[in-house]
Amino acid sequence: MTLHIGQSQRRENARRHLAGRGRFVSDLALPRMLHAVFVRSPMAKGRLVEIDTSEAEQSPGVVRILTAAELNARCKPWVGTLDHFAGMQSPPMSILAEEEVLWTGQPVAMIIAKSRAEAEDAADLVMVDIEDSEPVTDGAAALQDGAPLANSGARDNLCYEALLETPAVNEAFADAAHVVEASFTFGRHTAVTLEPRAVIADFDPSSGALTVHHGTQTPYQFQDVYARHFGLPEGKVRVIAPDVGGSFGMKLHVYNEEMGAVAASMILERPVRYVADRLESFLSDIHARDHIVKGRMALDAEGKILAMDVDDLAPVGAVSAYPRTSAAEGNQVIRLMGAPYNMPDYRGRLQVAFQNKVQTSQYRAVGHPIACAVTEALVERAAEVTGLDPFEIRARNLIADDAYPHVSATGYQFEKLSHQASLAKLREMMDPDALRADQARLREQGIYRGFGIASFVEITNPGAAFYGVGGARISAQDGAVVRMTPSGDIHCAISVTEQGQGTETIIAQVVADQLGVSPERVSVTTGDTATTPSGGATWACRGAGIGGETALRAGRKLRERILTLAGALLQADPATLRLEDGAVVDVATGEARITLEEIGRVATYRPDTLPDGVDHSLTVAHHFAPSGYPFDFTNGIQGSLVEVDVETGIVRILKHWVVEDCGRIINPLLVDEQIRGGVVQGLGPAFFEECQYDADGQLTNGSLADYLVPMACEMPDIEIAHIETPTEDTILGAKGVGEAGTAAAGAAAMNAVNDALRPFGARLTQTPMTPLRILDALDAARKQRTDP
């Protein structure tokens with residue numbers, strides 16, 4: 001019997017996209033459809049005095065110009081807090097600014113026209129009078145006494161704070177033989193998806209039904225949001241997520257523009273389309289990773305980690321994102337510190353600050369790159385002060401592979417990980433002794449190479465402890481409906497979604513194995529609240545671990561139904577039968593007894609020939625939610641090799657290695673694709689990507705002419721190896737892999753750059769590690785050597 005779980009298979013939808021047959025929101029054209037463009041604030045903070053739309057209203061093609069008085073009244077304001085984040089505050093948010101503007105690019109008016117071009121022309125004619133005031137742009141300054149409010153609706157600029165502390169942390173530092181410390185700055189960046197945000201809202205007044213074509217990861221989340229905030233019965237709201245050109249967490253969140261499209265459709269009773277252009281995306285898509293971290297690590301004389309002490313300041317914009325908040329990233333930063341290591345004590349403090357910039361929130365590998373970079377940079381410093389090799393200090397401190405279950409000092413519960421096996425595998429792949437020999441030889445020629453490594457832990461398969469406990473209506477479960485057609489083909493409708501990562505392919509593989517057919521005979525439907533069962537969809541690497549388990553259990557239910565029918569038709573005990581190669585076969589002999597097509601024909605067209613009481617339906621449904629550990633965790637380790645030109649500051653990334661343990665691997669090809677893509681998204685902000693603001697809160701590089709993203713020619717060969725430690729919480733045993741590459745790529749690269757710069761005494765603690773910052777670090781080290 002051929003098994004498809006564990007086999008590499010190409011994504012079927014990739015062939016469709018290569019043929020130009022993608023179906024994105026921006027490809028849709030509905031009858032009587034109108035186009036929306038937003039007039040945006042040119043200032044980061046100020047009092048909105050007047051909006052004059054009189055000239056714009058006369059512009060060709062304009063159907064309506066909507067301002068806050070009309071548009072906001074249609075939509076209940078949203079508040080981006082979670083109940084389990086005690087003391088968190090965020091003022092209510094509405095579609096358009098009313099009395100004050102809070103960031104450059106905040107929508108203040110909405111133009112509805114017959115074409116996008118006509119709407120843009122009219123937007124240029126709208127006169128906006130704003131009495132500007134001093135913006136709050138610096139996160140640290142925002143929390144100082146006397147700082148102006150970033151948002152007048154808040155009591156102060158502290159959005160949220162948290163403290164994690166074990167009882168003996170102070171004692172651990174007092175008794176330590178070594179204490180290493182550093183301060184780190186991580187630049188904010190954004191997703192830059194291939195497809196920008198897009199939505200078409202279509203309200204039908206005759207039925208009171210709202211259909212929203214939305215480029216999102218989470219159609220059921222938005223079905224709930226639209227129903228509650230626009231006062232509609234949930235059953236009257238349909239959200240369709242067709243092909244989605246990348247998301248990376250950015251398309252999880254509620255945005256002013258999408259809510260505005262729904263409100264406008266309800267007012268005008270016509271379809272309204274909004275598609276962000278690339279300039280708008282920089283001013284309205286969520287940003288991420290804006291953190292300033294101070295960290296200390298205590299060690300004993302043998303190099304054993306005793307404790308960490310971390311202070312994280314996370315500026316997040318003028319309001320917290322809804323419904324997942326802007327505090328979740330910082331919360332994960334302080335909880336993931338030191339995660340791979342057997343560290344008894346810990347203190348982590350988080351402060352989330354309001355400021356007059358675009359909101360930050362969840363983005364691929366939420367919080368992981370920050371926690372990993374801080375931890376691994378301190379481990380490298382610890383190796384220096386103790387005289388230990390980078391591999392050896394990790395070997396002494398990683399949680400042993402036979403020490404599970406394990407509870408971290410931050411409170412995370414680890415079922416079973418494989419840090420030691422991963423470290424051994426990476427050493428074998430990298431051959432650090434050979435790299436050191438090459439490094440020494442090349443330094444004599446004035447060529448400076450360095451390599452760095454970074455262990456990581458990744459959160460996957462989250463249950464209700466992630467959002468549900470905080471009151472967010474974000475499902476922790478997923479559902480699947482699996483049916484066999486009269487022809488013996490299989491169809492699976494499932495709530496997890498596809499954004500290009502291969503969800504539909506792996507679901508087909510899982511279902512195929514349960515029913516003894518090839519994946520080509522399994523069609524998978526995703527992304528439509530009217531045709532798929534309710535569920536959480538795809539985020540936090542839950543597509544394989546939760547969606548795959550849902551499909552597996554549904555497939556097994558259908559298998560039992562088919563075998564029962566076959567037993568009735570063949571007058572045989574179902575326990576003596578199995579499904580294989582599209583037929584029911586005898587377990588003992590392997591002889592094919594009846595095809596699935598024949599069973600489908602009888603069950604559909606001649607159920608009268610079946611014995612009384614035999615269920616002839618060929619459709620089953622199943623819902624699954626994690627019920628063991630609150631989360632699953634994956635782990636791994638990465639290595640990076642770089643060459644730094646000390647005259648120009650330019651870094652060449654020569655090679656990157658990843659050893660990763662995502663539990664049971666369903667499709668090795670797609671797993672490796674996810675890891676490589678994740679590594680690139682980790683190296684991007686490590687070297688290139690940063691949203692740069694001036695003191696007035698103006699984004700100064702909000703275009704792809706100025707905002708740098710990694711290009712294929714700049715990325716290294718990425719060598720990947722795997723360890724498999726299946727979770728025992730599920731039958732399938734899969735965890736998740738989508739964020740693993742991103743989690744540690746930047747940390748390994750930072751350690752590699754600092755290894756290359758070690759002869760000069762220079763060190764980088766800020767990302768992105770641009771040529772200018774590298775030259776500044778070299779200059780600072782040079783001055784330090786020469787100053788008395």
# chains A, B, ... in the order shown; residues from 1 in each chain; ligands from 1
$ residues_around --residues "region 151-157 of chain A" --least-positions-apart "3" --cutoff "8 Å" --atoms "only C-alpha atoms" --output "list in words"
Gln89, Ser90, Pro91, Pro92, Leu102, Ala142, Leu143, Ala318, Val319, Ala353, Phe354, Gln355 and Asn356 of chain A
$ write_last_selection --atoms "C-alpha atoms" --output "PDB file, in the first residue's frame"
ATOM      1  CA  GLN A  89      -5.584  49.730  27.485  1.00  0.00           C
ATOM      2  CA  SER A  90      -6.299  50.874  23.949  1.00  0.00           C
ATOM      3  CA  PRO A  91      -8.780  53.590  22.957  1.00  0.00           C
ATOM      4  CA  PRO A  92     -11.683  52.650  20.644  1.00  0.00           C
ATOM      5  CA  LEU A 102      -2.877  59.697  15.122  1.00  0.00           C
ATOM      6  CA  ALA A 142       6.687  58.264  25.339  1.00  0.00           C
ATOM      7  CA  LEU A 143       6.903  56.709  28.811  1.00  0.00           C
ATOM      8  CA  ALA A 318      -1.271  54.983  18.535  1.00  0.00           C
ATOM      9  CA  VAL A 319      -3.721  52.107  19.120  1.00  0.00           C
ATOM     10  CA  ALA A 353       4.143  52.031  24.469  1.00  0.00           C
ATOM     11  CA  PHE A 354       1.824  54.130  22.329  1.00  0.00           C
ATOM     12  CA  GLN A 355       3.401  56.381  19.686  1.00  0.00           C
ATOM     13  CA  ASN A 356       2.270  58.232  16.560  1.00  0.00           C
TER      14      ASN A 356
END
$ select_by_dssp --residues "region 143-339 of chain A" --states "strand (DSSP E)" --output "ChimeraX atom specification"
/A:158-165,178-186,189-190,198-204,209-214,237-240,272-275,287-288,291-299,305-315
$ residues_around --residues "region 471-486 of chain A" --least-positions-apart "3" --cutoff "7 Å" --atoms "only C-alpha atoms" --output "ChimeraX atom specification"
/A:82-83,221,323,463-464,467-468,489-496,533-537,546-547,550-551,554-555,597,600-601,604,618-625
$ select_by_dssp --residues "region 441-481 of chain A" --states "helix (DSSP H, G or I)" --output "PyMOL selection string"
chain A and resi 441-443+468-470
$ write_last_selection --atoms "all heavy atoms" --output "mmCIF file, in the first residue's frame"
data_model
loop_
_atom_site.group_PDB
_atom_site.id
_atom_site.type_symbol
_atom_site.label_atom_id
_atom_site.label_comp_id
_atom_site.auth_asym_id
_atom_site.auth_seq_id
_atom_site.Cartn_x
_atom_site.Cartn_y
_atom_site.Cartn_z
ATOM 1 N N ARG A 441 43.082 31.382 7.691
ATOM 2 C CA ARG A 441 43.859 31.528 6.459
ATOM 3 C C ARG A 441 43.455 32.795 5.705
ATOM 4 O O ARG A 441 44.309 33.551 5.215
ATOM 5 C CB ARG A 441 43.638 30.295 5.589
ATOM 6 C CG ARG A 441 44.322 30.346 4.233
ATOM 7 C CD ARG A 441 44.102 29.054 3.457
ATOM 8 N NE ARG A 441 42.692 28.748 3.304
ATOM 9 C CZ ARG A 441 41.899 29.280 2.374
ATOM 10 N NH1 ARG A 441 42.400 30.173 1.523
ATOM 11 N NH2 ARG A 441 40.640 28.937 2.287
ATOM 12 N N LEU A 442 42.134 33.056 5.617
ATOM 13 C CA LEU A 442 41.648 34.212 4.873
ATOM 14 C C LEU A 442 41.952 35.523 5.590
ATOM 15 O O LEU A 442 42.166 36.560 4.934
ATOM 16 C CB LEU A 442 40.147 34.069 4.623
ATOM 17 C CG LEU A 442 39.762 32.956 3.638
ATOM 18 C CD1 LEU A 442 38.263 32.704 3.670
ATOM 19 C CD2 LEU A 442 40.204 33.320 2.227
ATOM 20 N N ARG A 443 41.994 35.510 6.912
ATOM 21 C CA ARG A 443 42.320 36.742 7.638
ATOM 22 C C ARG A 443 43.727 37.217 7.307
ATOM 23 O O ARG A 443 43.987 38.433 7.272
ATOM 24 C CB ARG A 443 42.172 36.519 9.143
ATOM 25 C CG ARG A 443 40.729 36.584 9.627
ATOM 26 C CD ARG A 443 40.615 36.326 11.111
ATOM 27 N NE ARG A 443 39.223 36.397 11.561
ATOM 28 C CZ ARG A 443 38.810 36.078 12.789
ATOM 29 N NH1 ARG A 443 39.695 35.676 13.700
ATOM 30 N NH2 ARG A 443 37.533 36.173 13.106
ATOM 31 N N GLY A 468 -8.482 32.717 22.959
ATOM 32 C CA GLY A 468 -9.816 32.485 23.505
ATOM 33 C C GLY A 468 -9.950 32.873 24.958
ATOM 34 O O GLY A 468 -10.969 33.433 25.372
ATOM 35 N N VAL A 469 -8.905 32.609 25.762
ATOM 36 C CA VAL A 469 -8.980 32.935 27.183
ATOM 37 C C VAL A 469 -9.061 34.438 27.405
ATOM 38 O O VAL A 469 -9.489 34.893 28.466
ATOM 39 C CB VAL A 469 -7.782 32.353 27.953
ATOM 40 C CG1 VAL A 469 -7.792 30.840 27.915
ATOM 41 C CG2 VAL A 469 -6.460 32.892 27.419
ATOM 42 N N GLY A 470 -8.633 35.207 26.406
ATOM 43 C CA GLY A 470 -8.680 36.661 26.527
ATOM 44 C C GLY A 470 -9.948 37.280 25.994
ATOM 45 O O GLY A 470 -10.078 38.503 25.950
#
$ residues_around --residues "Pro685 (chain A)" --least-positions-apart "5" --cutoff "7 Å" --atoms "only C-alpha atoms" --output "ChimeraX atom specification"
/A:189,690,767-768
$ closest_residue --among "A:Arg197, A:Arg64, A:Lys294, A:Lys783" --to "Arg270 (chain A)" --atoms "only C-alpha atoms"
A:Arg64
$ atom_distance --atom1 "CA of Tyr346 (chain A)" --atom2 "CA of Asn331 (chain A)"
14.6 Å
$ residues_around --residues "Phe391 (chain A)" --least-positions-apart "2" --cutoff "9 Å" --atoms "only C-alpha atoms" --output "ChimeraX atom specification"
/A:388-389,393-396,423-424,427,432,453
$ residues_around --residues "Val680 (chain A)" --least-positions-apart "6" --cutoff "9 Å" --atoms "only C-alpha atoms" --output "PyMOL selection string"
chain A and resi 710+715+741-742+745
$ closest_residue --among "A:Gln514, A:Thr505, A:Ser326, A:Ser265" --to "Phe85 (chain A)" --atoms "only C-alpha atoms"
A:Ser326
$ residues_around --residues "Thr700 (chain A)" --least-positions-apart "4" --cutoff "12 Å" --atoms "only C-alpha atoms" --output "list of chain:residue names"
A:Thr104, A:Leu279, A:Phe282, A:Leu283, A:Glu690, A:Cys691, A:Gln692, A:Tyr693, A:Asp694, A:Ala695, A:Asp696, A:Leu704, A:Ala705, A:Asp706, A:Tyr707
$ write_last_selection --atoms "N, CA, C and O atoms" --output "compact mmCIF listing (two decimals), in the first residue's frame"
# COMPACT_ATOMS: atom_id res chain seq x y z
N THR A 104 0.68 59.35 10.41
CA THR A 104 0.73 59.74 9.00
C THR A 104 0.16 58.61 8.16
O THR A 104 0.66 57.49 8.17
N LEU A 279 2.31 52.17 -2.08
CA LEU A 279 2.58 53.28 -1.18
C LEU A 279 1.64 53.26 0.01
O LEU A 279 2.06 53.51 1.15
N PHE A 282 2.61 50.67 2.80
CA PHE A 282 3.60 51.08 3.79
C PHE A 282 3.00 51.95 4.89
O PHE A 282 3.48 51.96 6.02
N LEU A 283 1.94 52.68 4.56
CA LEU A 283 1.32 53.60 5.53
C LEU A 283 0.15 52.99 6.29
O LEU A 283 -0.40 53.64 7.19
N GLU A 690 13.83 47.97 6.95
CA GLU A 690 13.55 48.84 8.09
C GLU A 690 12.63 49.98 7.65
O GLU A 690 12.91 50.65 6.66
N CYS A 691 11.55 50.17 8.39
CA CYS A 691 10.67 51.33 8.18
C CYS A 691 11.26 52.50 8.95
O CYS A 691 11.27 52.51 10.18
N GLN A 692 11.75 53.49 8.22
CA GLN A 692 12.48 54.60 8.83
C GLN A 692 11.58 55.83 8.96
O GLN A 692 10.95 56.26 7.99
N TYR A 693 11.54 56.38 10.16
CA TYR A 693 10.74 57.57 10.46
C TYR A 693 11.64 58.72 10.88
O TYR A 693 12.69 58.50 11.49
N ASP A 694 11.20 59.93 10.56
CA ASP A 694 11.90 61.09 11.10
C ASP A 694 11.25 61.53 12.41
O ASP A 694 10.28 60.90 12.88
N ALA A 695 11.77 62.60 13.00
CA ALA A 695 11.29 63.04 14.31
C ALA A 695 9.85 63.54 14.26
O ALA A 695 9.18 63.61 15.30
N ASP A 696 9.34 63.85 13.06
CA ASP A 696 7.97 64.33 12.92
C ASP A 696 6.99 63.20 12.64
O ASP A 696 5.82 63.46 12.33
N LEU A 704 9.10 50.90 -2.58
CA LEU A 704 10.09 49.86 -2.88
C LEU A 704 11.33 50.43 -3.57
O LEU A 704 12.29 49.69 -3.83
N ALA A 705 11.32 51.72 -3.85
CA ALA A 705 12.54 52.36 -4.33
C ALA A 705 13.50 52.62 -3.17
O ALA A 705 14.72 52.73 -3.37
N ASP A 706 12.97 52.73 -1.95
CA ASP A 706 13.78 53.09 -0.79
C ASP A 706 13.81 52.02 0.29
O ASP A 706 14.77 51.93 1.05
N TYR A 707 12.74 51.23 0.38
CA TYR A 707 12.66 50.15 1.38
C TYR A 707 13.28 48.91 0.75
O TYR A 707 12.81 48.41 -0.28
$ closest_residue --among "A:Asp27, A:Leu699, A:Leu569, A:Met297" --to "Asp608 (chain A)" --atoms "only C-alpha atoms"
A:Leu569
$ closest_residue --among "A:Gly330, A:Gly249, A:Gly663, A:Gly208" --to "Pro233 (chain A)" --atoms "only C-alpha atoms"
A:Gly208
$ atom_distance --atom1 "CA of Ala437 (chain A)" --atom2 "CA of Thr375 (chain A)"
27.0 Å
$ atom_distance --atom1 "CA of Asp528 (chain A)" --atom2 "CA of Ile240 (chain A)"
4.4 Å
$ closest_residue --among "A:Arg542, A:His229, A:Arg188, A:His214" --to "Arg74 (chain A)" --atoms "only C-alpha atoms"
A:His229
$ decode --residues "region 413-426 of chain A" --atoms "all heavy atoms" --output "PDB file, in the first residue's frame"
ATOM      1  N   GLN A 413       5.454  25.014  28.749  1.00  0.00           N
ATOM      2  CA  GLN A 413       5.530  23.570  28.943  1.00  0.00           C
ATOM      3  C   GLN A 413       5.938  22.905  27.632  1.00  0.00           C
ATOM      4  O   GLN A 413       5.234  22.997  26.638  1.00  0.00           O
ATOM      5  CB  GLN A 413       4.169  23.025  29.384  1.00  0.00           C
ATOM      6  CG  GLN A 413       3.630  23.645  30.662  1.00  0.00           C
ATOM      7  CD  GLN A 413       2.225  23.168  30.959  1.00  0.00           C
ATOM      8  OE1 GLN A 413       1.944  21.973  30.915  1.00  0.00           O
ATOM      9  NE2 GLN A 413       1.336  24.097  31.262  1.00  0.00           N
ATOM     10  N   PHE A 414       7.086  22.228  27.655  1.00  0.00           N
ATOM     11  CA  PHE A 414       7.597  21.550  26.469  1.00  0.00           C
ATOM     12  C   PHE A 414       7.340  20.052  26.592  1.00  0.00           C
ATOM     13  O   PHE A 414       7.786  19.411  27.546  1.00  0.00           O
ATOM     14  CB  PHE A 414       9.099  21.793  26.310  1.00  0.00           C
ATOM     15  CG  PHE A 414       9.482  23.247  26.211  1.00  0.00           C
ATOM     16  CD1 PHE A 414      10.613  23.731  26.843  1.00  0.00           C
ATOM     17  CD2 PHE A 414       8.701  24.138  25.479  1.00  0.00           C
ATOM     18  CE1 PHE A 414      10.975  25.061  26.741  1.00  0.00           C
ATOM     19  CE2 PHE A 414       9.051  25.477  25.369  1.00  0.00           C
ATOM     20  CZ  PHE A 414      10.192  25.940  26.005  1.00  0.00           C
ATOM     21  N   GLU A 415       6.643  19.505  25.593  1.00  0.00           N
ATOM     22  CA  GLU A 415       6.335  18.069  25.585  1.00  0.00           C
ATOM     23  C   GLU A 415       7.592  17.246  25.309  1.00  0.00           C
ATOM     24  O   GLU A 415       7.968  16.381  26.101  1.00  0.00           O
ATOM     25  CB  GLU A 415       5.282  17.775  24.519  1.00  0.00           C
ATOM     26  CG  GLU A 415       4.932  16.302  24.400  1.00  0.00           C
ATOM     27  CD  GLU A 415       4.130  16.017  23.141  1.00  0.00           C
ATOM     28  OE1 GLU A 415       3.978  16.909  22.289  1.00  0.00           O
ATOM     29  OE2 GLU A 415       3.660  14.870  23.005  1.00  0.00           O
ATOM     30  N   LYS A 416       8.234  17.481  24.187  1.00  0.00           N
ATOM     31  CA  LYS A 416       9.479  16.801  23.855  1.00  0.00           C
ATOM     32  C   LYS A 416      10.136  17.508  22.683  1.00  0.00           C
ATOM     33  O   LYS A 416       9.504  17.700  21.652  1.00  0.00           O
ATOM     34  CB  LYS A 416       9.249  15.327  23.516  1.00  0.00           C
ATOM     35  CG  LYS A 416      10.558  14.550  23.310  1.00  0.00           C
ATOM     36  CD  LYS A 416      10.355  13.063  23.313  1.00  0.00           C
ATOM     37  CE  LYS A 416      11.674  12.324  23.030  1.00  0.00           C
ATOM     38  NZ  LYS A 416      12.712  12.630  24.027  1.00  0.00           N
ATOM     39  N   LEU A 417      11.412  17.889  22.877  1.00  0.00           N
ATOM     40  CA  LEU A 417      12.177  18.562  21.837  1.00  0.00           C
ATOM     41  C   LEU A 417      13.484  17.803  21.606  1.00  0.00           C
ATOM     42  O   LEU A 417      13.760  16.805  22.281  1.00  0.00           O
ATOM     43  CB  LEU A 417      12.432  20.020  22.229  1.00  0.00           C
ATOM     44  CG  LEU A 417      11.165  20.865  22.495  1.00  0.00           C
ATOM     45  CD1 LEU A 417      11.540  22.253  23.004  1.00  0.00           C
ATOM     46  CD2 LEU A 417      10.313  20.965  21.247  1.00  0.00           C
ATOM     47  N   SER A 418      14.295  18.299  20.683  1.00  0.00           N
ATOM     48  CA  SER A 418      15.484  17.546  20.266  1.00  0.00           C
ATOM     49  C   SER A 418      16.686  18.459  20.077  1.00  0.00           C
ATOM     50  O   SER A 418      17.382  18.399  19.054  1.00  0.00           O
ATOM     51  CB  SER A 418      15.192  16.796  18.961  1.00  0.00           C
ATOM     52  OG  SER A 418      14.819  17.710  17.932  1.00  0.00           O
ATOM     53  N   HIS A 419      16.963  19.293  21.071  1.00  0.00           N
ATOM     54  CA  HIS A 419      18.050  20.258  20.927  1.00  0.00           C
ATOM     55  C   HIS A 419      19.414  19.590  20.767  1.00  0.00           C
ATOM     56  O   HIS A 419      20.233  20.024  19.951  1.00  0.00           O
ATOM     57  CB  HIS A 419      18.079  21.187  22.136  1.00  0.00           C
ATOM     58  CG  HIS A 419      16.927  22.143  22.194  1.00  0.00           C
ATOM     59  ND1 HIS A 419      16.718  23.108  21.239  1.00  0.00           N
ATOM     60  CD2 HIS A 419      15.914  22.283  23.089  1.00  0.00           C
ATOM     61  CE1 HIS A 419      15.635  23.812  21.545  1.00  0.00           C
ATOM     62  NE2 HIS A 419      15.130  23.322  22.657  1.00  0.00           N
ATOM     63  N   GLN A 420      19.682  18.568  21.559  1.00  0.00           N
ATOM     64  CA  GLN A 420      20.998  17.939  21.490  1.00  0.00           C
ATOM     65  C   GLN A 420      21.227  17.263  20.138  1.00  0.00           C
ATOM     66  O   GLN A 420      22.296  17.397  19.538  1.00  0.00           O
ATOM     67  CB  GLN A 420      21.144  16.929  22.623  1.00  0.00           C
ATOM     68  CG  GLN A 420      21.244  17.580  24.005  1.00  0.00           C
ATOM     69  CD  GLN A 420      21.348  16.546  25.109  1.00  0.00           C
ATOM     70  OE1 GLN A 420      20.719  15.491  25.062  1.00  0.00           O
ATOM     71  NE2 GLN A 420      22.152  16.841  26.123  1.00  0.00           N
ATOM     72  N   ALA A 421      20.221  16.544  19.671  1.00  0.00           N
ATOM     73  CA  ALA A 421      20.346  15.897  18.362  1.00  0.00           C
ATOM     74  C   ALA A 421      20.500  16.930  17.259  1.00  0.00           C
ATOM     75  O   ALA A 421      21.265  16.740  16.298  1.00  0.00           O
ATOM     76  CB  ALA A 421      19.129  15.016  18.105  1.00  0.00           C
ATOM     77  N   SER A 422      19.799  18.049  17.379  1.00  0.00           N
ATOM     78  CA  SER A 422      19.895  19.115  16.369  1.00  0.00           C
ATOM     79  C   SER A 422      21.290  19.731  16.364  1.00  0.00           C
ATOM     80  O   SER A 422      21.863  19.990  15.298  1.00  0.00           O
ATOM     81  CB  SER A 422      18.834  20.188  16.632  1.00  0.00           C
ATOM     82  OG  SER A 422      17.533  19.659  16.550  1.00  0.00           O
ATOM     83  N   LEU A 423      21.841  19.980  17.549  1.00  0.00           N
ATOM     84  CA  LEU A 423      23.185  20.549  17.642  1.00  0.00           C
ATOM     85  C   LEU A 423      24.216  19.613  17.016  1.00  0.00           C
ATOM     86  O   LEU A 423      25.098  20.054  16.254  1.00  0.00           O
ATOM     87  CB  LEU A 423      23.540  20.821  19.104  1.00  0.00           C
ATOM     88  CG  LEU A 423      24.923  21.416  19.364  1.00  0.00           C
ATOM     89  CD1 LEU A 423      25.000  22.838  18.825  1.00  0.00           C
ATOM     90  CD2 LEU A 423      25.259  21.382  20.847  1.00  0.00           C
ATOM     91  N   ALA A 424      24.102  18.316  17.304  1.00  0.00           N
ATOM     92  CA  ALA A 424      25.040  17.347  16.740  1.00  0.00           C
ATOM     93  C   ALA A 424      24.930  17.297  15.217  1.00  0.00           C
ATOM     94  O   ALA A 424      25.943  17.227  14.501  1.00  0.00           O
ATOM     95  CB  ALA A 424      24.777  15.964  17.343  1.00  0.00           C
ATOM     96  N   LYS A 425      23.713  17.363  14.711  1.00  0.00           N
ATOM     97  CA  LYS A 425      23.513  17.347  13.262  1.00  0.00           C
ATOM     98  C   LYS A 425      24.101  18.603  12.618  1.00  0.00           C
ATOM     99  O   LYS A 425      24.725  18.534  11.551  1.00  0.00           O
ATOM    100  CB  LYS A 425      22.031  17.226  12.947  1.00  0.00           C
ATOM    101  CG  LYS A 425      21.660  17.301  11.479  1.00  0.00           C
ATOM    102  CD  LYS A 425      22.135  16.101  10.698  1.00  0.00           C
ATOM    103  CE  LYS A 425      21.254  14.901  10.968  1.00  0.00           C
ATOM    104  NZ  LYS A 425      21.606  13.763  10.070  1.00  0.00           N
ATOM    105  N   LEU A 426      23.910  19.763  13.239  1.00  0.00           N
ATOM    106  CA  LEU A 426      24.452  20.998  12.673  1.00  0.00           C
ATOM    107  C   LEU A 426      25.978  20.970  12.665  1.00  0.00           C
ATOM    108  O   LEU A 426      26.606  21.411  11.685  1.00  0.00           O
ATOM    109  CB  LEU A 426      23.950  22.209  13.461  1.00  0.00           C
ATOM    110  CG  LEU A 426      24.384  23.567  12.894  1.00  0.00           C
ATOM    111  CD1 LEU A 426      23.672  23.850  11.578  1.00  0.00           C
ATOM    112  CD2 LEU A 426      24.145  24.695  13.881  1.00  0.00           C
TER     113      LEU A 426
END
